[in-house]
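*Asks:* Next comes target.cif, mmCIF, C-alpha atoms:
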```
data_my_file
loop_
_atom_site.group_PDB
_atom_site.id
_atom_site.type_symbol
_atom_site.label_atom_id
_atom_site.label_comp_id
_atom_site.auth_asym_id
_atom_site.auth_seq_id
_atom_site.Cartn_x
_atom_site.Cartn_y
_atom_site.Cartn_z
ATOM 1 C CA MET A 1261 4.499 -30.496 0.216
ATOM 2 C CA SER A 1262 5.677 -26.940 0.402
ATOM 3 C CA GLN A 1263 6.229 -25.419 3.815
ATOM 4 C CA ASP A 1264 5.957 -21.879 2.496
ATOM 5 C CA THR A 1265 3.432 -19.655 4.172
ATOM 6 C CA PRO A 1266 0.575 -18.737 1.827
ATOM 7 C CA ASP A 1267 1.407 -15.042 1.714
ATOM 8 C CA GLN A 1268 4.921 -15.837 0.542
ATOM 9 C CA SER A 1269 3.746 -17.680 -2.545
ATOM 10 C CA PRO A 1270 3.449 -15.913 -5.908
ATOM 11 C CA ALA A 1271 0.505 -18.169 -6.647
ATOM 12 C CA SER A 1272 -1.530 -16.723 -3.782
ATOM 13 C CA ASP A 1273 -4.869 -15.070 -4.480
ATOM 14 C CA ASP A 1274 -3.433 -11.557 -4.614
ATOM 15 C CA ALA A 1275 -0.682 -12.455 -7.071
ATOM 16 C CA VAL A 1276 -0.505 -10.161 -10.077
ATOM 17 C CA GLN A 1277 0.069 -10.929 -13.715
ATOM 18 C CA TYR A 1278 0.947 -8.485 -16.457
ATOM 19 C CA ASP A 1279 -2.151 -7.449 -18.362
ATOM 20 C CA PRO A 1280 -1.217 -5.433 -21.454
ATOM 21 C CA THR A 1281 -4.742 -4.069 -21.716
ATOM 22 C CA ALA A 1282 -5.089 -2.843 -18.148
ATOM 23 C CA SER A 1283 -1.675 -2.428 -16.538
ATOM 24 C CA ARG A 1284 -0.354 1.025 -15.681
ATOM 25 C CA TYR A 1285 2.849 0.167 -17.496
ATOM 26 C CA ASP A 1286 3.926 -1.615 -20.651
ATOM 27 C CA VAL A 1287 6.360 -4.448 -21.117
ATOM 28 C CA LEU A 1288 7.681 -4.313 -24.655
ATOM 29 C CA GLU A 1289 9.881 -6.690 -26.593
ATOM 30 C CA CYS A 1290 11.851 -6.516 -29.804
ATOM 31 C CA ARG A 1291 10.757 -8.708 -32.668
ATOM 32 C CA GLU A 1292 14.362 -9.330 -33.688
ATOM 33 C CA CYS A 1293 16.369 -9.694 -30.487
ATOM 34 C CA GLU A 1294 15.907 -10.493 -26.815
ATOM 35 C CA ASN A 1295 15.514 -6.878 -25.756
ATOM 36 C CA VAL A 1296 12.677 -6.451 -23.237
ATOM 37 C CA VAL A 1297 11.864 -3.035 -21.769
ATOM 38 C CA LEU A 1298 9.514 -1.511 -19.227
ATOM 39 C CA ALA A 1299 7.659 1.669 -20.182
ATOM 40 C CA LEU A 1300 5.700 3.759 -17.706
ATOM 41 C CA GLY A 1301 3.320 6.617 -18.355
ATOM 42 C CA ARG A 1302 2.973 6.304 -22.116
ATOM 43 C CA ASP A 1303 -0.214 5.554 -24.001
ATOM 44 C CA ASP A 1304 1.472 4.136 -27.079
ATOM 45 C CA PRO A 1305 4.520 1.931 -27.360
ATOM 46 C CA PRO A 1306 7.011 4.531 -28.577
ATOM 47 C CA MET A 1307 10.204 2.557 -28.513
ATOM 48 C CA THR A 1308 11.942 0.980 -31.422
ATOM 49 C CA CYS A 1309 14.575 -1.712 -31.643
ATOM 50 C CA HIS A 1310 16.237 -2.898 -34.837
ATOM 51 C CA GLY A 1311 14.391 -0.113 -36.630
ATOM 52 C CA GLU A 1312 10.963 -1.454 -35.779
ATOM 53 C CA PRO A 1313 8.442 -0.477 -33.086
ATOM 54 C CA MET A 1314 8.690 -2.788 -30.129
ATOM 55 C CA ARG A 1315 5.584 -4.830 -29.422
ATOM 56 C CA ARG A 1316 3.718 -5.369 -26.195
ATOM 57 C CA VAL A 1317 4.387 -8.666 -24.499
ATOM 58 C CA THR A 1318 1.102 -10.546 -24.459
ATOM 59 C CA ASP A 1319 1.998 -14.112 -23.554
ATOM 60 C CA VAL A 1320 3.245 -13.863 -19.969
ATOM 61 C CA GLU A 1321 2.195 -16.786 -17.793
ATOM 62 C CA MET A 1322 4.236 -16.033 -14.681
ATOM 63 C CA THR A 1323 2.558 -14.293 -11.786
ATOM 64 C CA VAL A 1324 4.411 -12.224 -9.216
ATOM 65 C CA ARG A 1325 3.748 -11.103 -5.699
ATOM 66 C CA PRO A 1326 2.238 -7.625 -5.548
ATOM 67 C CA PRO A 1327 4.862 -5.166 -4.348
ATOM 68 C CA ASP A 1328 4.442 -3.589 -0.939
ATOM 69 C CA VAL A 1329 5.385 0.072 -1.028
ATOM 70 C CA ARG A 1330 7.198 -0.123 2.318
ATOM 71 C CA GLN A 1331 9.282 -3.065 1.164
ATOM 72 C CA VAL A 1332 10.023 -1.404 -2.180
ATOM 73 C CA LEU A 1333 11.258 1.763 -0.474
ATOM 74 C CA LEU A 1334 13.356 -0.281 1.899
ATOM 75 C CA ASP A 1335 14.892 -2.493 -0.792
ATOM 76 C CA ALA A 1336 15.452 0.161 -3.434
ATOM 77 C CA PHE A 1337 16.443 3.128 -1.300
ATOM 78 C CA GLY A 1338 17.244 1.648 2.100
ATOM 79 C CA LEU A 1339 14.409 3.765 3.440
ATOM 80 C CA PRO A 1340 12.236 2.151 6.126
ATOM 81 C CA LYS A 1341 8.756 3.361 7.013
ATOM 82 C CA ALA A 1342 10.194 5.757 9.589
ATOM 83 C CA GLY A 1343 12.120 7.531 6.840
ATOM 84 C CA LEU A 1344 9.033 7.893 4.687
ATOM 85 C CA ASP A 1345 6.968 9.167 7.623
ATOM 86 C CA ILE A 1346 9.582 11.820 8.306
ATOM 87 C CA CYS A 1347 9.761 12.771 4.636
ATOM 88 C CA LEU A 1348 5.986 13.231 4.564
ATOM 89 C CA CYS A 1349 6.197 15.383 7.697
ATOM 90 C CA VAL A 1350 8.560 17.749 5.914
ATOM 91 C CA ILE A 1351 6.163 17.992 2.991
ATOM 92 C CA GLY A 1352 3.312 18.845 5.355
ATOM 93 C CA GLU A 1353 2.900 21.840 7.624
ATOM 94 C CA GLY A 1354 5.673 23.707 9.362
ATOM 95 C CA PRO A 1355 8.110 24.953 10.471
ATOM 96 C CA LEU A 1356 8.460 22.043 12.863
ATOM 97 C CA SER A 1357 11.261 21.209 15.231
ATOM 98 C CA ALA A 1358 12.880 17.797 15.107
ATOM 99 C CA ASN A 1359 11.461 17.245 18.592
ATOM 100 C CA GLU A 1360 7.921 17.895 17.374
ATOM 101 C CA VAL A 1361 8.396 15.493 14.468
ATOM 102 C CA ALA A 1362 9.635 12.858 16.900
ATOM 103 C CA GLU A 1363 6.655 13.393 19.213
ATOM 104 C CA ARG A 1364 4.083 13.364 16.419
ATOM 105 C CA LEU A 1365 5.431 10.199 14.835
ATOM 106 C CA GLY A 1366 6.440 8.411 18.019
ATOM 107 C CA TYR A 1367 10.086 8.001 17.049
ATOM 108 C CA ASP A 1368 13.206 8.805 19.003
ATOM 109 C CA ARG A 1369 14.629 12.194 18.233
ATOM 110 C CA SER A 1370 17.899 10.578 17.165
ATOM 111 C CA THR A 1371 15.924 8.494 14.667
ATOM 112 C CA VAL A 1372 14.401 11.634 13.207
ATOM 113 C CA THR A 1373 17.785 13.311 12.835
ATOM 114 C CA ARG A 1374 19.300 10.183 11.303
ATOM 115 C CA TYR A 1375 16.599 9.842 8.666
ATOM 116 C CA LEU A 1376 16.543 13.547 7.905
ATOM 117 C CA ASN A 1377 20.189 13.189 6.939
ATOM 118 C CA THR A 1378 19.498 9.956 5.046
ATOM 119 C CA LEU A 1379 16.802 11.748 3.051
ATOM 120 C CA VAL A 1380 19.303 14.499 2.248
ATOM 121 C CA ASP A 1381 21.797 11.874 1.059
ATOM 122 C CA LEU A 1382 19.087 10.369 -1.157
ATOM 123 C CA GLY A 1383 18.342 13.780 -2.662
ATOM 124 C CA LEU A 1384 14.778 13.811 -1.326
ATOM 125 C CA LEU A 1385 15.400 16.670 1.116
ATOM 126 C CA GLN A 1386 17.725 19.643 1.145
ATOM 127 C CA ARG A 1387 19.648 20.859 4.154
ATOM 128 C CA ALA A 1388 20.717 24.389 4.977
ATOM 129 C CA GLN A 1389 22.745 25.623 7.912
ATOM 130 C CA LEU A 1390 21.692 28.822 9.643
ATOM 131 C CA ASN A 1391 23.407 30.818 12.333
ATOM 132 C CA ARG A 1392 22.103 30.529 15.860
ATOM 133 C CA GLU A 1393 21.797 33.618 18.009
ATOM 134 C CA ALA A 1394 23.456 31.880 20.940
ATOM 135 C CA GLY A 1395 26.262 30.629 18.718
ATOM 136 C CA GLY A 1396 26.720 27.609 16.535
ATOM 137 C CA VAL A 1397 24.475 26.540 13.715
ATOM 138 C CA VAL A 1398 21.019 25.124 13.188
ATOM 139 C CA ASN A 1399 20.247 22.592 10.499
ATOM 140 C CA VAL A 1400 17.135 23.261 8.452
ATOM 141 C CA TYR A 1401 15.655 20.532 6.281
ATOM 142 C CA HIS A 1402 13.193 21.289 3.519
ATOM 143 C CA SER A 1403 11.632 19.380 0.699
ATOM 144 C CA VAL A 1404 12.944 19.516 -2.814
ATOM 145 C CA ASP A 1405 10.652 20.383 -5.695
ATOM 146 C CA LEU A 1406 7.978 17.688 -5.808
ATOM 147 C CA GLU A 1407 8.381 17.174 -9.568
ATOM 148 C CA TRP A 1408 12.108 16.727 -9.014
ATOM 149 C CA MET A 1409 11.399 14.277 -6.206
ATOM 150 C CA ARG A 1410 9.081 12.304 -8.472
ATOM 151 C CA ARG A 1411 11.729 12.075 -11.195
ATOM 152 C CA GLU A 1412 14.525 11.176 -8.789
ATOM 153 C CA THR A 1413 12.570 8.402 -7.101
ATOM 154 C CA LEU A 1414 11.410 6.948 -10.408
ATOM 155 C CA VAL A 1415 14.863 7.014 -11.984
ATOM 156 C CA GLY A 1416 16.376 5.700 -8.763
ATOM 157 C CA PHE A 1417 13.929 2.843 -8.740
ATOM 158 C CA TYR A 1418 14.668 2.066 -12.399
ATOM 159 C CA VAL A 1419 18.355 1.874 -11.548
ATOM 160 C CA TRP A 1420 17.531 -0.567 -8.781
ATOM 161 C CA ALA A 1421 15.202 -2.533 -11.084
ATOM 162 C CA GLY A 1422 17.921 -2.620 -13.732
ATOM 163 C CA GLU A 1423 20.362 -4.020 -11.221
ATOM 164 C CA ALA A 1424 17.761 -6.608 -10.191
ATOM 165 C CA ALA A 1425 17.056 -7.515 -13.820
ATOM 166 C CA ALA A 1426 20.797 -7.956 -14.427
ATOM 167 C CA LEU A 1427 20.940 -10.365 -11.497
ATOM 168 C CA ILE A 1428 18.053 -12.396 -12.873
ATOM 169 C CA GLU A 1429 19.706 -12.503 -16.298
ATOM 170 C CA GLU A 1430 22.977 -13.555 -14.691
ATOM 171 C CA ALA A 1431 21.108 -16.345 -12.915
ATOM 172 C CA ASN A 1432 19.636 -17.548 -16.174
ATOM 173 C CA LEU A 1433 23.053 -17.504 -17.857
ATOM 174 C CA THR A 1434 24.526 -19.422 -14.934
ATOM 175 C CA LYS A 1435 21.978 -22.156 -15.495
ATOM 176 C CA GLN A 1436 22.764 -22.226 -19.213
ATOM 177 C CA ASP A 1437 26.494 -22.458 -18.535
ATOM 178 C CA TYR A 1438 25.915 -25.281 -16.074
ATOM 179 C CA LEU A 1439 23.987 -27.302 -18.610
ATOM 180 C CA ALA A 1440 26.758 -26.761 -21.163
ATOM 181 C CA ASP A 1441 29.516 -27.790 -18.733
ATOM 182 C CA ASP A 1442 30.408 -31.344 -17.937
ATOM 183 C CA THR A 1443 30.577 -31.099 -14.164
ATOM 184 C CA ASP A 1444 29.979 -33.381 -11.228
ATOM 185 C CA ARG A 1445 28.856 -30.535 -9.024
ATOM 186 C CA SER A 1446 25.205 -29.827 -8.367
ATOM 187 C CA LEU A 1447 23.449 -26.853 -9.918
ATOM 188 C CA PRO A 1448 22.465 -25.270 -6.577
ATOM 189 C CA GLU A 1449 26.115 -25.352 -5.506
ATOM 190 C CA VAL A 1450 27.332 -23.762 -8.741
ATOM 191 C CA PHE A 1451 24.440 -21.296 -8.787
ATOM 192 C CA TRP A 1452 24.894 -19.846 -5.327
ATOM 193 C CA GLU A 1453 28.664 -19.809 -5.593
ATOM 194 C CA SER A 1454 28.319 -17.524 -8.599
ATOM 195 C CA PHE A 1455 26.501 -15.006 -6.357
ATOM 196 C CA ALA A 1456 28.772 -15.476 -3.369
ATOM 197 C CA ASP A 1457 29.691 -11.802 -3.223
ATOM 198 C CA GLU A 1458 26.165 -10.428 -3.631
ATOM 199 C CA MET B 998 -10.052 31.991 12.759
ATOM 200 C CA SER B 999 -7.487 29.308 11.947
ATOM 201 C CA VAL B 1000 -3.983 30.441 11.233
ATOM 202 C CA THR B 1001 -0.934 28.474 10.183
ATOM 203 C CA ARG B 1002 2.391 28.489 11.957
ATOM 204 C CA ARG B 1003 3.974 29.753 8.769
ATOM 205 C CA ALA B 1004 1.651 32.774 8.749
ATOM 206 C CA VAL B 1005 2.482 33.504 12.398
ATOM 207 C CA PHE B 1006 6.184 33.212 11.613
ATOM 208 C CA GLU B 1007 5.991 35.617 8.672
ATOM 209 C CA GLU B 1008 3.896 38.128 10.600
ATOM 210 C CA LEU B 1009 6.293 37.949 13.545
ATOM 211 C CA ALA B 1010 9.192 38.671 11.205
ATOM 212 C CA ALA B 1011 7.291 41.607 9.742
ATOM 213 C CA LEU B 1012 6.502 43.146 13.137
ATOM 214 C CA THR B 1013 9.853 42.594 14.856
ATOM 215 C CA ASP B 1014 13.574 42.761 14.191
ATOM 216 C CA ALA B 1015 16.284 40.456 15.509
ATOM 217 C CA GLU B 1016 19.245 42.794 15.209
ATOM 218 C CA ARG B 1017 17.501 45.752 16.816
ATOM 219 C CA ALA B 1018 15.766 43.452 19.328
ATOM 220 C CA GLU B 1019 12.392 44.954 18.435
ATOM 221 C CA THR B 1020 9.645 42.883 19.976
ATOM 222 C CA THR B 1021 5.878 42.578 19.940
ATOM 223 C CA THR B 1022 3.238 40.862 22.024
ATOM 224 C CA VAL B 1023 1.247 37.762 21.244
ATOM 225 C CA GLY B 1024 -1.867 39.866 21.483
ATOM 226 C CA ALA B 1025 -0.627 42.297 18.843
ATOM 227 C CA LEU B 1026 0.425 39.419 16.658
ATOM 228 C CA ALA B 1027 -2.979 37.767 16.986
ATOM 229 C CA ALA B 1028 -4.730 41.040 16.208
ATOM 230 C CA ALA B 1029 -2.618 41.564 13.100
ATOM 231 C CA LEU B 1030 -3.540 38.070 11.921
ATOM 232 C CA ASP B 1031 -7.158 38.310 13.070
ATOM 233 C CA ALA B 1032 -6.572 35.056 14.920
ATOM 234 C CA ASP B 1033 -7.235 33.568 18.333
ATOM 235 C CA ASP B 1034 -4.623 34.487 20.952
ATOM 236 C CA ARG B 1035 -4.248 30.921 22.202
ATOM 237 C CA VAL B 1036 -3.684 29.543 18.723
ATOM 238 C CA VAL B 1037 -1.058 32.184 18.007
ATOM 239 C CA GLU B 1038 0.531 31.539 21.405
ATOM 240 C CA ALA B 1039 0.849 27.845 20.587
ATOM 241 C CA HIS B 1040 2.431 28.602 17.223
ATOM 242 C CA VAL B 1041 4.870 31.029 18.851
ATOM 243 C CA ASP B 1042 5.834 28.306 21.336
ATOM 244 C CA GLY B 1043 6.513 26.020 18.401
ATOM 245 C CA LEU B 1044 8.636 28.668 16.706
ATOM 246 C CA VAL B 1045 10.602 29.204 19.924
ATOM 247 C CA GLY B 1046 11.225 25.451 19.974
ATOM 248 C CA CYS B 1047 12.632 25.779 16.465
ATOM 249 C CA ASP B 1048 14.930 28.671 17.468
ATOM 250 C CA LEU B 1049 13.069 30.804 14.964
ATOM 251 C CA ALA B 1050 11.490 33.040 17.622
ATOM 252 C CA ARG B 1051 12.527 34.258 21.051
ATOM 253 C CA ARG B 1052 10.405 35.064 24.063
ATOM 254 C CA ASP B 1053 11.741 37.665 26.488
ATOM 255 C CA PRO B 1054 11.209 37.370 30.264
ATOM 256 C CA ASP B 1055 8.467 40.015 30.016
ATOM 257 C CA GLY B 1056 6.557 37.826 27.558
ATOM 258 C CA CYS B 1057 7.321 39.872 24.470
ATOM 259 C CA VAL B 1058 8.371 37.952 21.381
ATOM 260 C CA ARG B 1059 10.496 38.562 18.328
ATOM 261 C CA VAL B 1060 11.971 36.771 15.381
ATOM 262 C CA THR B 1061 15.534 35.485 15.820
ATOM 263 C CA VAL B 1062 18.517 35.849 13.519
ATOM 264 C CA THR B 1063 17.946 32.237 12.572
ATOM 265 C CA GLY B 1064 14.351 32.991 11.670
ATOM 266 C CA GLU B 1065 15.314 35.951 9.526
ATOM 267 C CA GLN B 1066 17.925 33.854 7.753
ATOM 268 C CA LEU B 1067 15.381 31.142 7.086
ATOM 269 C CA LEU B 1068 12.930 33.584 5.542
ATOM 270 C CA ALA B 1069 15.743 35.094 3.474
ATOM 271 C CA LEU B 1070 16.360 31.683 1.916
ATOM 272 C CA GLY B 1071 12.935 31.986 0.308
ATOM 273 C CA ILE B 1072 12.116 28.355 0.898
ATOM 274 C CA ASP B 1073 8.691 27.826 -0.561
ATOM 275 C CA GLY B 1074 7.237 25.312 1.817
ATOM 276 C CA PRO B 1075 7.551 23.838 5.247
ATOM 277 C CA VAL B 1076 10.777 22.915 6.954
ATOM 278 C CA VAL B 1077 12.048 20.871 9.854
ATOM 279 C CA VAL B 1078 14.467 22.688 12.107
ATOM 280 C CA ASP B 1079 17.021 20.790 14.151
ATOM 281 C CA PRO B 1080 18.015 23.310 16.822
ATOM 282 C CA ARG B 1081 20.259 20.923 18.725
ATOM 283 C CA SER B 1082 22.649 20.644 15.828
ATOM 284 C CA SER B 1083 26.341 20.542 16.475
ATOM 285 C CA ARG B 1084 27.959 23.890 17.004
ATOM 286 C CA THR B 1085 30.545 22.988 14.433
ATOM 287 C CA GLY B 1086 27.917 21.878 11.957
#
```
Would you mind writing the structure in this file as structure tokens?

*Replies:*
Amino acid sequence: MSQDTPDQSPASDDAVQYDPTASRYDVLECRECENVVLALGRDDPPMTCHGEPMRRVTDVEMTVRPPDVRQVLLDAFGLPKAGLDICLCVIGEGPLSANEVAERLGYDRSTVTRYLNTLVDLGLLQRAQLNREAGGVVNVYHSVDLEWMRRETLVGFYVWAGEAAALIEEANLTKQDYLADDTDRSLPEVFWESFADE
Amino acid sequence: MSVTRRAVFEELAALTDAERAETTTVGALAAALDADDRVVEAHVDGLVGCDLARRDPDGCVRVTVTGEQLLALGIDGPVVVDPRSSRTG
């Protein structure tokens, strides 16, 4: 009997399965090779492989857990909810001081400053330094173009998804190699050792 | 009448000058914006907290050098100002 909590199981009631007729994305495969691609925001499958249009995958049986946007942002960009809250504050009204942002959101001021700089590093905000009348400088953070932000986050997520897909493929190959090898060791041992540095 | 902090900031920069230390009053600012004095006062306080405006001991206000530099950047949209930044950047 599994000890997993119900909300951890992909077979729970809110699990999602790819529906080629209703999903907001397409999963396409090549008729000739093992190439499988994800396409977002296109009405028609435009991609070709081996000179032929790729076809929609229609025979998926596996269900997956629905992604939680907070977890996705954390996993893909290292951005916790606090970071997103602060990013949204910069998109909203202003000018605001970092103190006001901290008070409005209920975060420490140091947290606000830290995530403002994280968002700059991610390319989601821009930072400028202005002179201060009393001496020194003042950092000013402002949002990048929203279309640019949309592209950056989507491409960034695809990079992360590509890395994740490569890991899954590596796991599958590890299992194949294990079956081909004549070894006394157990598959779990071999499997996790192959990802020891991950 | 509702007025945004951005509008108060831009009007303050139009009516005053940092280098020449030309100031105005909150009342004059509110009249220019056709806005409530208390609302404008609150926005000015916020701008002072951002180092974008300065309030003299007599209550008069003006844009700061920092504020003029920010407007000169032509940033089209809101910003967060971190006025406690390191003096060495």

*Asks:* List every protein, DNA or RNA residue that has at least one atom no more than 7 Å from (14.2, 17.8, 15.6) in the file's coordinates, counting all atoms listed in the file, and write the result as a ChimeraX atom specification.

*Replies:* /A:1357-1362,1369,1372-1373 /B:1077-1080

*Asks:* For the provided coordinates, the residues matched by the PyMOL selection byres ((chain A) within 8 of (chain B)) should be stated as a list in words.

*Replies:* Val1350, Ile1351, Gly1352, Glu1353, Gly1354, Pro1355, Leu1356, Ser1357, Ala1358, Asn1359, Val1361, Thr1373, Gln1389, Leu1390, Asn1391, Arg1392, Glu1393, Gly1395, Gly1396, Val1397, Val1398, Asn1399, Val1400, Tyr1401, His1402 and Ser1403 of chain A

*Asks:* So the first atom is atom CA of Asn1432 of chain A and the second is atom CA of Val1450 of chain A; what is the distance between them in Å, to one decimal place?

*Replies:*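 A separation of 12.4 Å between them.
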
*Asks:* Fewer than 5 positions away in the same chain doesn't count, so skip those; otherwise give me all residues within 8 Å of Asp1014 of chain B, counting all atoms listed in the file, as a PDB file with C-alpha atoms, in the coordinates of the input.

*Replies:*
```pdb
ATOM      1  CA  GLU B1019      12.392  44.954  18.435  1.00  0.00           C
ATOM      2  CA  THR B1020       9.645  42.883  19.976  1.00  0.00           C
ATOM      3  CA  ARG B1059      10.496  38.562  18.328  1.00  0.00           C
ATOM      4  CA  VAL B1060      11.971  36.771  15.381  1.00  0.00           C
ATOM      5  CA  THR B1061      15.534  35.485  15.820  1.00  0.00           C
TER       6      THR B1061
END
```

*Asks:* Measure the distance from atom CA of Arg1364 of chain A to atom CA of Asp1042 of chain B in Å and round it to one decimal.

*Replies:* 15.8 Å
